[in-house]
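Enquirer: Structure: final-v6.pdb, PDB, C-alpha atoms.
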```pdb
ATOM      1  CA  MET A 233       0.000   0.000   0.000
ATOM      2  CA  GLY A 234       1.510   3.333  -1.055
ATOM      3  CA  LEU A 235       2.054   6.331   1.206
ATOM      4  CA  LYS A 236       1.063   9.702  -0.263
ATOM      5  CA  ILE A 237       3.895  12.145   0.515
ATOM      6  CA  GLY A 238       4.004  15.904  -0.094
ATOM      7  CA  ALA A 239       7.163  18.056  -0.029
ATOM      8  CA  VAL A 240       6.328  21.763   0.148
ATOM      9  CA  ALA A 241       8.122  24.687  -1.502
ATOM     10  CA  ALA A 242       6.721  28.007  -0.243
ATOM     11  CA  GLY A 243       7.670  31.402   1.149
ATOM     12  CA  PHE A 244       7.046  32.584   4.710
ATOM     13  CA  THR A 245       7.417  35.919   6.490
ATOM     14  CA  ARG A 246       7.719  37.600   9.890
ATOM     15  CA  ASP A 247       3.912  37.962   9.875
ATOM     16  CA  LEU A 248       2.808  34.936  11.892
ATOM     17  CA  GLU A 249      -0.870  35.253  10.997
ATOM     18  CA  PHE A 250       0.007  35.305   7.293
ATOM     19  CA  ASP A 251       2.243  32.283   7.778
ATOM     20  CA  LEU A 252      -0.478  30.427   9.661
ATOM     21  CA  SER A 253      -2.969  31.068   6.863
ATOM     22  CA  ARG A 254      -0.444  29.799   4.309
ATOM     23  CA  VAL A 255       0.183  26.659   6.376
ATOM     24  CA  GLU A 256      -3.578  26.127   6.553
ATOM     25  CA  ALA A 257      -3.907  26.517   2.766
ATOM     26  CA  LEU A 258      -1.058  24.055   2.160
ATOM     27  CA  ILE A 259      -2.550  21.490   4.543
ATOM     28  CA  ARG A 260      -5.924  21.937   2.854
ATOM     29  CA  HIS A 261      -4.303  21.412  -0.558
ATOM     30  CA  GLY A 262      -2.539  18.320   0.744
ATOM     31  CA  ARG A 263      -5.752  16.948   2.154
ATOM     32  CA  ARG A 264      -7.506  17.370  -1.209
ATOM     33  CA  GLU A 265      -4.698  15.313  -2.757
ATOM     34  CA  GLU A 266      -5.018  12.699   0.019
ATOM     35  CA  VAL A 267      -1.483  13.402   1.273
ATOM     36  CA  GLN A 268      -0.706  11.474   4.457
ATOM     37  CA  LEU A 269       2.733  12.989   5.209
ATOM     38  CA  LEU A 270       3.240  16.698   4.478
ATOM     39  CA  VAL A 271       6.678  18.245   5.026
ATOM     40  CA  LEU A 272       6.737  22.052   5.212
ATOM     41  CA  PRO A 273      10.004  24.016   5.089
ATOM     42  CA  ASP A 274      12.225  25.220   7.881
ATOM     43  CA  ALA A 275      11.036  28.549   9.335
ATOM     44  CA  ALA A 276       7.425  28.085   8.185
ATOM     45  CA  LEU A 277       6.264  30.151  11.150
ATOM     46  CA  GLY A 278       8.157  33.451  11.198
ATOM     47  CA  GLY A 279      10.530  33.072   8.254
ATOM     48  CA  TYR A 280      14.303  32.614   8.253
ATOM     49  CA  LEU A 281      17.178  34.975   9.087
ATOM     50  CA  ASP A 282      17.673  37.954   6.754
ATOM     51  CA  ASP A 283      21.427  37.442   6.391
ATOM     52  CA  LEU A 284      23.863  34.579   7.031
ATOM     53  CA  SER A 285      26.947  36.736   7.561
ATOM     54  CA  ASN A 286      25.484  39.360   9.868
ATOM     55  CA  PRO A 287      21.833  38.729  10.816
ATOM     56  CA  SER A 288      19.975  41.861  11.869
ATOM     57  CA  PRO A 289      19.199  41.691  15.623
ATOM     58  CA  GLY A 290      16.117  43.828  15.012
ATOM     59  CA  ASN A 291      14.684  41.510  12.357
ATOM     60  CA  LEU A 292      14.872  38.058  13.897
ATOM     61  CA  PRO A 293      12.161  35.418  13.444
ATOM     62  CA  PRO A 294       9.566  35.545  16.236
ATOM     63  CA  ALA A 295      10.442  32.996  18.915
ATOM     64  CA  LEU A 296       7.690  30.632  20.056
ATOM     65  CA  THR A 297       7.427  28.197  22.947
ATOM     66  CA  LEU A 298       6.144  24.690  22.320
ATOM     67  CA  ASP A 299       2.883  25.560  24.077
ATOM     68  CA  ASP A 300       2.286  28.707  21.989
ATOM     69  CA  PRO A 301      -1.298  28.945  20.642
ATOM     70  CA  LEU A 302       0.055  29.110  17.070
ATOM     71  CA  ILE A 303       1.665  25.699  17.490
ATOM     72  CA  ALA A 304      -1.623  24.388  18.858
ATOM     73  CA  LYS A 305      -3.408  25.757  15.787
ATOM     74  CA  VAL A 306      -1.068  23.898  13.415
ATOM     75  CA  ILE A 307      -1.627  20.712  15.427
ATOM     76  CA  ALA A 308      -5.377  21.158  15.102
ATOM     77  CA  MET A 309      -5.066  21.831  11.350
ATOM     78  CA  ALA A 310      -3.059  18.634  10.834
ATOM     79  CA  GLY A 311      -5.915  16.387  11.923
ATOM     80  CA  GLU A 312      -5.267  12.862  10.625
ATOM     81  CA  MET A 313      -2.310  14.035   8.503
ATOM     82  CA  VAL A 314       1.311  13.815   9.693
ATOM     83  CA  VAL A 315       2.756  17.324   9.260
ATOM     84  CA  CYS A 316       6.361  18.462   9.744
ATOM     85  CA  PHE A 317       7.137  22.192   9.995
ATOM     86  CA  GLY A 318       9.890  24.492  11.215
ATOM     87  CA  PHE A 319       9.946  27.537  13.479
ATOM     88  CA  CYS A 320      12.145  29.477  15.905
ATOM     89  CA  GLU A 321      11.717  27.873  19.326
ATOM     90  CA  THR A 322      12.485  29.626  22.578
ATOM     91  CA  ASP A 323      13.332  27.672  25.707
ATOM     92  CA  GLY A 324      14.240  30.026  28.521
ATOM     93  CA  THR A 325      16.946  32.352  27.213
ATOM     94  CA  ASP A 326      17.964  30.173  24.235
ATOM     95  CA  ARG A 327      16.601  30.143  20.687
ATOM     96  CA  TYR A 328      16.625  26.986  18.560
ATOM     97  CA  ASN A 329      15.996  26.359  14.882
ATOM     98  CA  THR A 330      13.403  23.653  15.441
ATOM     99  CA  ALA A 331      11.324  21.188  13.425
ATOM    100  CA  LEU A 332       8.172  19.609  14.831
ATOM    101  CA  CYS A 333       6.272  16.602  13.528
ATOM    102  CA  VAL A 334       2.621  16.577  14.555
ATOM    103  CA  THR A 335      -0.835  15.152  13.991
ATOM    104  CA  GLY A 336      -4.094  16.396  15.447
ATOM    105  CA  ASP A 337      -3.316  14.240  18.492
ATOM    106  CA  GLY A 338      -0.201  16.299  19.332
ATOM    107  CA  VAL A 339       3.568  16.343  18.882
ATOM    108  CA  LEU A 340       5.148  13.136  17.562
ATOM    109  CA  GLY A 341       8.756  14.324  17.326
ATOM    110  CA  ARG A 342      11.020  17.362  17.673
ATOM    111  CA  HIS A 343      14.425  18.116  16.175
ATOM    112  CA  ARG A 344      16.647  21.052  17.040
ATOM    113  CA  LYS A 345      19.115  21.864  14.264
ATOM    114  CA  VAL A 346      22.536  20.485  15.152
ATOM    115  CA  HIS A 347      24.847  21.853  12.431
ATOM    116  CA  GLN A 348      24.953  25.622  12.059
ATOM    117  CA  PRO A 349      26.490  27.933   9.461
ATOM    118  CA  PRO A 350      28.347  30.919  10.986
ATOM    119  CA  GLY A 351      25.433  33.397  10.950
ATOM    120  CA  GLU A 352      23.169  31.018  12.857
ATOM    121  CA  ARG A 353      25.642  30.450  15.664
ATOM    122  CA  ALA A 354      25.174  34.049  16.828
ATOM    123  CA  ILE A 355      21.398  33.591  17.060
ATOM    124  CA  TYR A 356      20.581  29.954  17.772
ATOM    125  CA  ALA A 357      21.763  27.394  20.285
ATOM    126  CA  ALA A 358      22.623  24.028  18.702
ATOM    127  CA  GLY A 359      20.666  20.828  19.132
ATOM    128  CA  ASN A 360      22.515  17.728  20.277
ATOM    129  CA  GLU A 361      20.876  14.600  18.862
ATOM    130  CA  PHE A 362      19.413  12.789  15.876
ATOM    131  CA  ALA A 363      16.636  10.400  16.835
ATOM    132  CA  GLY A 364      13.912   8.536  14.971
ATOM    133  CA  PHE A 365      10.329   8.421  16.235
ATOM    134  CA  ASP A 366       7.250   6.408  15.405
ATOM    135  CA  THR A 367       4.284   7.941  13.587
ATOM    136  CA  PRO A 368       1.069   6.660  11.983
ATOM    137  CA  VAL A 369       2.889   6.590   8.606
ATOM    138  CA  GLY A 370       6.093   4.876   9.783
ATOM    139  CA  ARG A 371       9.300   5.677  11.627
ATOM    140  CA  ILE A 372      10.568   9.149  10.753
ATOM    141  CA  GLY A 373      13.730  11.132  11.412
ATOM    142  CA  MET A 374      14.164  14.866  10.840
ATOM    143  CA  MET A 375      17.030  17.101   9.781
ATOM    144  CA  ILE A 376      17.150  20.868   9.210
ATOM    145  CA  ASP A 377      18.940  22.191   6.101
ATOM    146  CA  TYR A 378      22.711  22.286   6.879
ATOM    147  CA  ASP A 379      22.342  19.021   8.828
ATOM    148  CA  LYS A 380      22.044  17.158   5.522
ATOM    149  CA  THR A 381      25.538  18.257   4.475
ATOM    150  CA  PHE A 382      26.897  15.834   7.070
ATOM    151  CA  PRO A 383      26.452  12.132   6.158
ATOM    152  CA  GLU A 384      26.561  11.162   9.825
ATOM    153  CA  ALA A 385      23.267  12.966  10.491
ATOM    154  CA  ALA A 386      21.128  10.922   8.094
ATOM    155  CA  ARG A 387      23.091   7.772   8.954
ATOM    156  CA  ALA A 388      22.328   8.211  12.657
ATOM    157  CA  LEU A 389      18.616   8.466  11.836
ATOM    158  CA  ALA A 390      18.695   5.408   9.580
ATOM    159  CA  VAL A 391      20.564   3.383  12.211
ATOM    160  CA  ASP A 392      17.849   4.423  14.653
ATOM    161  CA  GLY A 393      15.303   2.793  12.362
ATOM    162  CA  ALA A 394      14.005   5.774  10.393
ATOM    163  CA  GLU A 395      12.704   4.677   6.985
ATOM    164  CA  LEU A 396      11.552   8.204   6.121
ATOM    165  CA  ILE A 397      13.804  11.225   6.605
ATOM    166  CA  ALA A 398      12.213  14.667   6.465
ATOM    167  CA  CYS A 399      14.715  17.418   5.720
ATOM    168  CA  LEU A 400      13.194  20.854   6.309
ATOM    169  CA  CYS A 401      15.216  23.590   4.639
ATOM    170  CA  ALA A 402      15.777  27.318   4.340
ATOM    171  CA  TRP A 403      18.440  26.826   1.656
ATOM    172  CA  PRO A 404      19.500  29.903  -0.314
ATOM    173  CA  THR A 405      21.345  30.395  -3.565
ATOM    174  CA  SER A 406      25.106  30.943  -3.372
ATOM    175  CA  ILE A 407      25.979  33.961  -1.260
ATOM    176  CA  THR A 408      29.475  34.429  -2.713
ATOM    177  CA  ASN A 409      28.927  33.528  -6.378
ATOM    178  CA  ARG A 410      25.240  33.691  -7.289
ATOM    179  CA  ALA A 411      24.474  32.447 -10.810
ATOM    180  CA  ALA A 412      22.178  34.382 -13.164
ATOM    181  CA  ARG A 413      19.960  31.307 -13.546
ATOM    182  CA  MET A 414      18.893  29.525 -10.378
ATOM    183  CA  ASN A 415      19.256  26.031 -11.851
ATOM    184  CA  GLU A 416      22.910  26.815 -12.617
ATOM    185  CA  ASP A 417      23.680  28.013  -9.104
ATOM    186  CA  ARG A 418      26.312  26.064  -7.185
ATOM    187  CA  GLN A 419      23.994  25.674  -4.195
ATOM    188  CA  SER A 420      21.236  24.368  -6.464
ATOM    189  CA  ARG A 421      23.497  21.513  -7.550
ATOM    190  CA  LEU A 422      24.630  20.786  -4.002
ATOM    191  CA  PHE A 423      21.070  20.828  -2.650
ATOM    192  CA  ASP A 424      20.035  18.086  -5.083
ATOM    193  CA  LEU A 425      23.288  16.161  -4.612
ATOM    194  CA  TYR A 426      22.888  16.008  -0.835
ATOM    195  CA  ASP A 427      19.235  14.965  -1.070
ATOM    196  CA  ARG A 428      19.944  12.125  -3.469
ATOM    197  CA  SER A 429      23.120  10.995  -1.713
ATOM    198  CA  ARG A 430      21.590  10.850   1.780
ATOM    199  CA  ALA A 431      18.688   8.766   0.449
ATOM    200  CA  ALA A 432      20.899   6.381  -1.529
ATOM    201  CA  GLU A 433      23.565   5.973   1.163
ATOM    202  CA  ASN A 434      20.996   4.896   3.703
ATOM    203  CA  GLN A 435      18.478   3.299   1.321
ATOM    204  CA  VAL A 436      15.610   5.329   2.788
ATOM    205  CA  VAL A 437      12.942   7.675   1.451
ATOM    206  CA  LEU A 438      13.972  11.305   1.865
ATOM    207  CA  VAL A 439      11.478  14.178   1.777
ATOM    208  CA  SER A 440      13.161  17.534   1.206
ATOM    209  CA  SER A 441      11.210  20.781   1.605
ATOM    210  CA  ASN A 442      12.554  24.298   1.074
ATOM    211  CA  LEU A 443      11.637  27.951   1.151
ATOM    212  CA  THR A 444      10.995  29.996  -1.983
ATOM    213  CA  GLY A 445      11.199  33.758  -2.480
ATOM    214  CA  SER A 446      13.622  35.950  -0.555
ATOM    215  CA  ILE A 447      14.201  37.726   2.723
ATOM    216  CA  GLY A 448      16.875  40.360   3.250
ATOM    217  CA  GLY A 449      19.835  39.380   1.097
ATOM    218  CA  LEU A 450      18.881  35.710   0.835
ATOM    219  CA  ARG A 451      17.104  34.153  -2.150
ATOM    220  CA  PHE A 452      15.788  30.629  -1.620
ATOM    221  CA  LEU A 453      16.013  27.730  -4.065
ATOM    222  CA  GLY A 454      12.746  25.857  -3.718
ATOM    223  CA  GLN A 455      13.511  22.459  -5.324
ATOM    224  CA  SER A 456      11.425  20.495  -2.835
ATOM    225  CA  LYS A 457      11.336  16.822  -3.679
ATOM    226  CA  VAL A 458      10.657  13.225  -2.716
ATOM    227  CA  VAL A 459      13.645  10.899  -3.242
ATOM    228  CA  GLY A 460      13.466   7.105  -3.338
ATOM    229  CA  PRO A 461      15.923   4.760  -1.570
ATOM    230  CA  GLY A 462      17.946   4.377  -4.766
ATOM    231  CA  GLY A 463      18.570   8.125  -4.955
ATOM    232  CA  ASP A 464      15.961   8.648  -7.682
ATOM    233  CA  ILE A 465      13.821  11.798  -7.557
ATOM    234  CA  VAL A 466      10.201  10.679  -7.833
ATOM    235  CA  ALA A 467       8.562  14.123  -7.511
ATOM    236  CA  ARG A 468       9.878  17.685  -7.404
ATOM    237  CA  THR A 469       8.753  21.317  -7.545
ATOM    238  CA  TRP A 470      11.866  22.723  -9.272
ATOM    239  CA  SER A 471      12.315  26.363  -8.201
ATOM    240  CA  LYS A 472       8.621  27.281  -8.041
ATOM    241  CA  ALA A 473       6.292  27.236  -5.062
ATOM    242  CA  GLY A 474       4.058  24.188  -4.809
ATOM    243  CA  ILE A 475       3.879  20.669  -3.399
ATOM    244  CA  ALA A 476       5.841  17.760  -4.873
ATOM    245  CA  ILE A 477       3.521  14.783  -4.364
ATOM    246  CA  ALA A 478       4.457  11.133  -4.754
ATOM    247  CA  GLU A 479       2.875   7.846  -3.739
ATOM    248  CA  VAL A 480       5.558   5.513  -2.419
ATOM    249  CA  ASP A 481       5.302   2.011  -0.980
ATOM    250  CA  VAL A 482       8.025   2.820   1.526
ATOM    251  CA  ARG A 483       8.607  -0.649   2.950
ATOM    252  CA  ALA A 484       8.581  -2.368  -0.463
ATOM    253  CA  GLU A 485      10.916   0.224  -1.995
ATOM    254  CA  ILE A 486      13.378  -0.084   0.881
ATOM    255  CA  GLU A 487      13.286  -3.891   0.813
ATOM    256  CA  THR A 488      13.988  -3.819  -2.933
ATOM    257  CA  ALA A 489      16.891  -1.388  -2.496
ATOM    258  CA  ARG A 490      18.418  -3.522   0.279
ATOM    259  CA  ARG A 491      17.805  -6.918  -1.311
ATOM    260  CA  VAL A 492      21.389  -7.462  -2.523
ATOM    261  CA  LEU A 493      23.402  -4.635  -0.965
ATOM    262  CA  HIS A 494      22.207  -3.727   2.525
ATOM    263  CA  HIS A 495      24.290  -0.688   3.459
ATOM    264  CA  LEU A 496      23.307  -0.503   7.120
ATOM    265  CA  ALA A 497      23.883  -4.203   7.730
ATOM    266  CA  GLU A 498      27.237  -4.192   5.942
ATOM    267  CA  ARG A 499      28.803  -1.255   7.754
ATOM    268  CA  ARG A 500      32.117  -1.742   9.618
ATOM    269  CA  PRO A 501      31.831   0.819  12.447
ATOM    270  CA  GLU A 502      34.875  -0.627  14.213
ATOM    271  CA  VAL A 503      37.194   0.580  11.443
ATOM    272  CA  TYR A 504      35.745   4.033  10.832
TER     273      TYR A 504
END
```
Starting from the file, lay out its structure as structure tokens.
Expert:
Amino acid sequence: MGLKIGAVAAGFTRDLEFDLSRVEALIRHGRREEVQLLVLPDAALGGYLDDLSNPSPGNLPPALTLDDPLIAKVIAMAGEMVVCFGFCETDGTDRYNTALCVTGDGVLGRHRKVHQPPGERAIYAAGNEFAGFDTPVGRIGMMIDYDKTFPEAARALAVDGAELIACLCAWPTSITNRAARMNEDRQSRLFDLYDRSRAAENQVVLVSSNLTGSIGGLRFLGQSKVVGPGGDIVARTWSKAGIAIAEVDVRAEIETARRVLHHLAERRPEVY
């Protein structure tokens, strides 16, 4: 039986009410398409930083606690659907770049971004673990954008039993050498390369969402996609806003990929 998966490409802002209405519209769209797992981008509530070199202290994403009414509204919107989304979490004096996975019954899993580019380190505290968690659609692990650059992140999730990895992104075009055409941008190539490699290395299904549009000096790539366990892209949005939707028999696809070469079983951790 196939699982209907949606990977969202969309833009979000500092206006939380606007963002909430966009999340609602995307969930409604997903529901019409019978999507069972919907992965929204990083920073879906409040938008991302306006600069990676020198973020403006006066223009930071609004920080929300886990019990904020806006989080409760997204949970209620999710209903029977499994929905992953990102936001700026506050916990005491610290801020975290956080992803939540929810249904209408509540929070299923939380991930705080572990790997941070320089601009984020001045704003966010770092998370300290990668852990899978069980959901109505299977065992899921989450990463947030730069996390996927590090093979160990996705590997840790796969070793912990995750068959689906949701990677929520706020991934911009190249800051130092932006190409005239987005599909020729260095970061565009890397974004796809990391998505396909992490799926193929671990023989899992990877769902990659990303922001579109721009904020401050950052322009975001879009390119949300669903990737099969052989590294094949089965649905994508390219650079435009939308939802990449694919129906995947996750267990059957993974069993097929691992039938002859089973990467996780054939590792040699003692020599690494």
Enquirer: Measure the distance from atom CA of A:Gly324 to atom CA of A:Thr297 in Å and round it to one decimal.
Expert: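 Straight-line distance from atom CA of A:Gly324 to atom CA of A:Thr297 works out to 9.0 Å.
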Enquirer: Separation of atom CA of A:Gly278 and atom CA of A:Lys380, in Å?
Expert: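 Separating atom CA of A:Gly278 from atom CA of A:Lys380 is a distance of 22.1 Å.
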Enquirer: Please report the interatomic distance between atom CA of A:Gly341 and atom CA of A:His494 in Å with one decimal.
Expert: 26.9 Å
Enquirer: Given the choices A:Asp251, A:Glu256, A:Asp464, A:Glu384, which gets closest to A:Ala310 if the distance is worked out from all atoms listed in the file?
Expert: A:Glu256
Enquirer: How close does each residue of stretch 258-322 of chain A get to stretch 434-439 of chain A, giving the shortest atom pair and distance in Å to one decimal for every residue with an atom at most 10 Å away, counting all atoms listed in the file, sorted by chain and residue number, as CSV?
Expert:
```
residue,atom,partner,partner_atom,distance
A:Leu269,CA,A:Val439,CA,9.5
A:Leu270,CA,A:Val439,CA,9.0
A:Val271,CA,A:Val439,CA,7.1
A:Leu272,CA,A:Val439,CA,9.8
```
Enquirer: With all atoms listed in the file as the basis for distance, which of A:Val255, A:Met233, A:Leu248, A:Ile355 is at the shortest distance from A:Ser288?
Expert: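 Looking only at the distances to A:Ser288, the closest residue turns out to be A:Ile355.
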Enquirer: For A:Val240, which residue out of A:Leu340, A:Ala357, A:Val315, A:Ala489 is the nearest one, using only C-alpha atoms?
Expert: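 The shortest atom-to-atom distance to A:Val240 comes from A:Val315.
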Enquirer: Rank A:Ser429, A:Ser441, A:Asn409, A:Ser446 by their smallest atom-to-atom distance to A:Pro383, using all atoms listed in the file, and report the top residue only.
Expert: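 For A:Pro383, the nearest of the given residues is A:Ser429.
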Enquirer: For the provided coordinates, the residues matched by the PyMOL selection byres ((chain A and resi 332) around 6) should be stated as a VMD selection string.
Expert: chain A and resid 316 to 317 331 333 341 to 342
Enquirer: Could you check the closest approach to A:His343 for each of A:Leu400, A:Glu416, A:Glu249, A:Ala295 and tell me which residue wins, using all atoms listed in the file?
Expert: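 Closest to A:His343, using all atoms listed in the file: A:Leu400.
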Enquirer: Residues at most 8 Å from A:Glu485, counting all atoms listed in the file, excluding those fewer than 4 positions away in the same chain, as an MDAnalysis selection string?
Expert: chainID A and resid 460:461 480:481 489
Enquirer: Excluding A:Tyr426 and residues on its chain fewer than 4 positions from it, collect all residues at most 7 Å away from it, counting all atoms listed in the file, and give them as a PDB file with C-alpha atoms, in the frame of the given file.
Expert:
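Printed below is around-v7.pdb as written:
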```pdb
ATOM      1  CA  LYS A 380      22.044  17.158   5.522  1.00  0.00           C
ATOM      2  CA  THR A 381      25.538  18.257   4.475  1.00  0.00           C
ATOM      3  CA  LEU A 422      24.630  20.786  -4.002  1.00  0.00           C
ATOM      4  CA  ARG A 430      21.590  10.850   1.780  1.00  0.00           C
TER       5      ARG A 430
END
```
Enquirer: Let me make sure I understand: among A:Ile259, A:Ile447, A:Val503, A:Val314, which one has the smallest atom-to-atom distance to A:Pro368 if we use all atoms listed in the file?
Expert: A:Val314
Enquirer: Could you give me, as a PyMOL selection string, the residues that sit within 7 Å of (-5.1, 27.1, 11.5) in the file's coordinates, counting only C-alpha atoms?
Expert: chain A and resi 252-253+256+305-306+308-309
Enquirer: Residues picked by the PyMOL selection byres ((chain A and resi 369) around 9) here, as a ChimeraX atom specification?
Expert: /A:235,268-269,314,366-368,370-372
Enquirer: Run the PyMOL selection byres ((chain A and resi 465) around 12) on the file and write out the hits as a ChimeraX atom specification.
Expert: /A:239,424-425,427-429,431-432,437-440,455-464,466-470,476-478,480
Enquirer: Please tabulate, as JSON lines, the residues of stretch 282-389 of chain A that come within 12 Å of stretch 496-499 of chain A, each with its closest pair of atoms and the distance in Å to one decimal, counting only C-alpha atoms and ordering rows by chain, then residue number upward.
Expert:
```
{"residue": "A:Ala386", "atom": "CA", "partner": "A:Leu496", "partner_atom": "CA", "distance": 11.7}
{"residue": "A:Arg387", "atom": "CA", "partner": "A:Leu496", "partner_atom": "CA", "distance": 8.5}
{"residue": "A:Ala388", "atom": "CA", "partner": "A:Leu496", "partner_atom": "CA", "distance": 10.4}
{"residue": "A:Leu389", "atom": "CA", "partner": "A:Leu496", "partner_atom": "CA", "distance": 11.2}
```
